[in-house]
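Reading through the structure tokens given below for one structure.
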Amino acid sequence: MEEEAAAEEAVAEPGGAGAGARRRRFSPRALVGGGLGSPLLLLAAALLVAGAVLGNVFCLLFGWATAYLTKRLTPLQAKFAALGIPALTLLGGAVWLWGRTEGRWGEVVPEAGMADAVTDLWPVLLRTAAVASAVYLLWRARRTS
């Protein structure tokens with residue numbers, strides 16, 4: 001018993017014999033609470049943000065394909081990130097256009113101006129879907145399980 005107590009005291013003392021064995025190395029992951037997560041999900045999120053900023057459709061498609069094909073997400077999560085969020089964004093855009101045609105909000109769309117309204121809204125919807133998917137991927141990348 002006395003030997004165990006002496007060993008614990010040696011470990012507890014800063015200059016004790018066990019101090020070198022108990023010293024931990026610095027890890028940047030300790031600063032952010034366990035790390036950033038899956039590198040592939042981070043790559044997909046970065047591609048989506050870059051595509052949204054640059055307006056590059058190929059970058060967006062590659063980001064969504066990467067999110068869809070990753071093994072880090074469950075099949076339902078991957079489908080939601082790559083297909084569900086963009087579909088919900090398009091649905092929101094359709095509701096926005098409907099509200100404008102009915103005069104409920106925004107500037108009323110003239111009868112012959114629907115093509116122009118869709119053309120103006122399309123880039124905004126694409127970028128919104130990309131950023132929303134990137135936020136979802138970052139959230140799922142940080143999960144602990």
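Just remember, in the structure tokens the first chain shown is A, the second B, etc., residues are 1-based per chain, and ligands are 1-based in the order shown.
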Can you check which parts of region 65-110 of chain A lie within 10 Å of region 122-128 of chain A? Per residue, the shortest pair of atoms and distance in Å to one decimal, counting only C-alpha atoms, sorted by chain and number, as JSON lines.
```
{"residue": "A:Ile85", "atom": "CA", "partner": "A:Thr128", "partner_atom": "CA", "distance": 9.5}
{"residue": "A:Pro86", "atom": "CA", "partner": "A:Leu126", "partner_atom": "CA", "distance": 7.6}
{"residue": "A:Thr89", "atom": "CA", "partner": "A:Leu125", "partner_atom": "CA", "distance": 6.3}
{"residue": "A:Leu90", "atom": "CA", "partner": "A:Leu125", "partner_atom": "CA", "distance": 6.6}
{"residue": "A:Leu91", "atom": "CA", "partner": "A:Leu125", "partner_atom": "CA", "distance": 9.7}
{"residue": "A:Gly92", "atom": "CA", "partner": "A:Leu125", "partner_atom": "CA", "distance": 8.6}
{"residue": "A:Gly93", "atom": "CA", "partner": "A:Leu125", "partner_atom": "CA", "distance": 6.7}
```
Q.
With only C-alpha atoms as the counted atoms, please give the residues lying no more than 10 Å from Leu60 (chain A), apart from itself and same-chain residues fewer than 4 positions off, as a PyMOL selection string.
A. chain A and resi 44-52+54-56+64-66+126-127+129-131
Same residues, N, CA, C and O atoms, output as a compact mmCIF listing (two decimals), in the first residue's frame:
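And here is the file that came out, part_35.txt:
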```txt
# COMPACT_ATOMS: atom_id res chain seq x y z
N ALA A 44 -16.35 18.74 -48.99
CA ALA A 44 -17.63 18.97 -49.67
C ALA A 44 -18.19 20.34 -49.29
O ALA A 44 -18.68 21.09 -50.15
N ALA A 45 -18.11 20.69 -48.00
CA ALA A 45 -18.61 22.00 -47.56
C ALA A 45 -17.79 23.13 -48.19
O ALA A 45 -18.35 24.15 -48.62
N ALA A 46 -16.49 22.95 -48.26
CA ALA A 46 -15.63 23.98 -48.87
C ALA A 46 -15.94 24.15 -50.35
O ALA A 46 -15.96 25.27 -50.88
N LEU A 47 -16.17 23.03 -51.04
CA LEU A 47 -16.53 23.11 -52.45
C LEU A 47 -17.86 23.84 -52.65
O LEU A 47 -18.01 24.64 -53.58
N LEU A 48 -18.81 23.57 -51.78
CA LEU A 48 -20.11 24.23 -51.90
C LEU A 48 -20.00 25.73 -51.64
O LEU A 48 -20.59 26.54 -52.36
N VAL A 49 -19.24 26.11 -50.63
CA VAL A 49 -19.07 27.53 -50.34
C VAL A 49 -18.30 28.21 -51.47
O VAL A 49 -18.66 29.31 -51.91
N ALA A 50 -17.25 27.57 -51.95
CA ALA A 50 -16.48 28.15 -53.05
C ALA A 50 -17.34 28.29 -54.31
O ALA A 50 -17.27 29.31 -55.01
N GLY A 51 -18.15 27.29 -54.58
CA GLY A 51 -19.03 27.37 -55.74
C GLY A 51 -20.07 28.46 -55.59
O GLY A 51 -20.43 29.13 -56.56
N ALA A 52 -20.56 28.66 -54.36
CA ALA A 52 -21.54 29.73 -54.13
C ALA A 52 -20.90 31.10 -54.28
O ALA A 52 -21.50 32.01 -54.86
N LEU A 54 -18.06 31.85 -56.01
CA LEU A 54 -17.59 32.07 -57.37
C LEU A 54 -18.68 31.95 -58.43
O LEU A 54 -18.49 32.39 -59.56
N GLY A 55 -19.79 31.33 -58.07
CA GLY A 55 -20.85 31.11 -59.04
C GLY A 55 -20.53 29.98 -60.00
O GLY A 55 -21.06 29.94 -61.11
N ASN A 56 -19.69 29.05 -59.59
CA ASN A 56 -19.26 27.94 -60.43
C ASN A 56 -20.18 26.74 -60.19
O ASN A 56 -20.16 26.13 -59.13
N TRP A 64 -21.87 18.65 -53.98
CA TRP A 64 -23.05 17.85 -53.66
C TRP A 64 -22.80 16.36 -53.93
O TRP A 64 -23.26 15.51 -53.17
N ALA A 65 -22.06 16.04 -54.98
CA ALA A 65 -21.74 14.63 -55.26
C ALA A 65 -20.84 14.06 -54.17
O ALA A 65 -21.03 12.91 -53.75
N THR A 66 -19.89 14.84 -53.70
CA THR A 66 -19.02 14.38 -52.62
C THR A 66 -19.83 14.14 -51.36
O THR A 66 -19.63 13.13 -50.66
N LEU A 126 -29.73 28.96 -56.07
CA LEU A 126 -28.61 28.02 -56.16
C LEU A 126 -27.58 28.30 -55.08
O LEU A 126 -27.10 27.38 -54.41
N ARG A 127 -27.25 29.55 -54.87
CA ARG A 127 -26.27 29.90 -53.85
C ARG A 127 -26.81 29.66 -52.44
O ARG A 127 -26.08 29.20 -51.56
N ALA A 129 -29.02 27.36 -51.60
CA ALA A 129 -29.00 25.90 -51.40
C ALA A 129 -27.60 25.41 -51.09
O ALA A 129 -27.40 24.53 -50.24
N ALA A 130 -26.61 25.95 -51.76
CA ALA A 130 -25.22 25.53 -51.54
C ALA A 130 -24.75 25.89 -50.14
O ALA A 130 -24.15 25.07 -49.44
N VAL A 131 -25.03 27.10 -49.70
CA VAL A 131 -24.59 27.52 -48.37
C VAL A 131 -25.34 26.74 -47.30
O VAL A 131 -24.76 26.32 -46.29
```
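Nearest to Arg100 (chain A) of all the residues A:Pro75, A:Gly37, A:Gly113, A:Gly84 is A:Gly113, based on only C-alpha atoms.
Here CA of Tyr68 (chain A) is placed at a distance of 7.2 Å from CA of Ala81 (chain A).
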(Q) Using only C-alpha atoms, can you tell me which of A:Ala82, A:Ala112, A:Ala117, A:Leu40 comes closest to Ala94 (chain A)? (A) A:Ala117
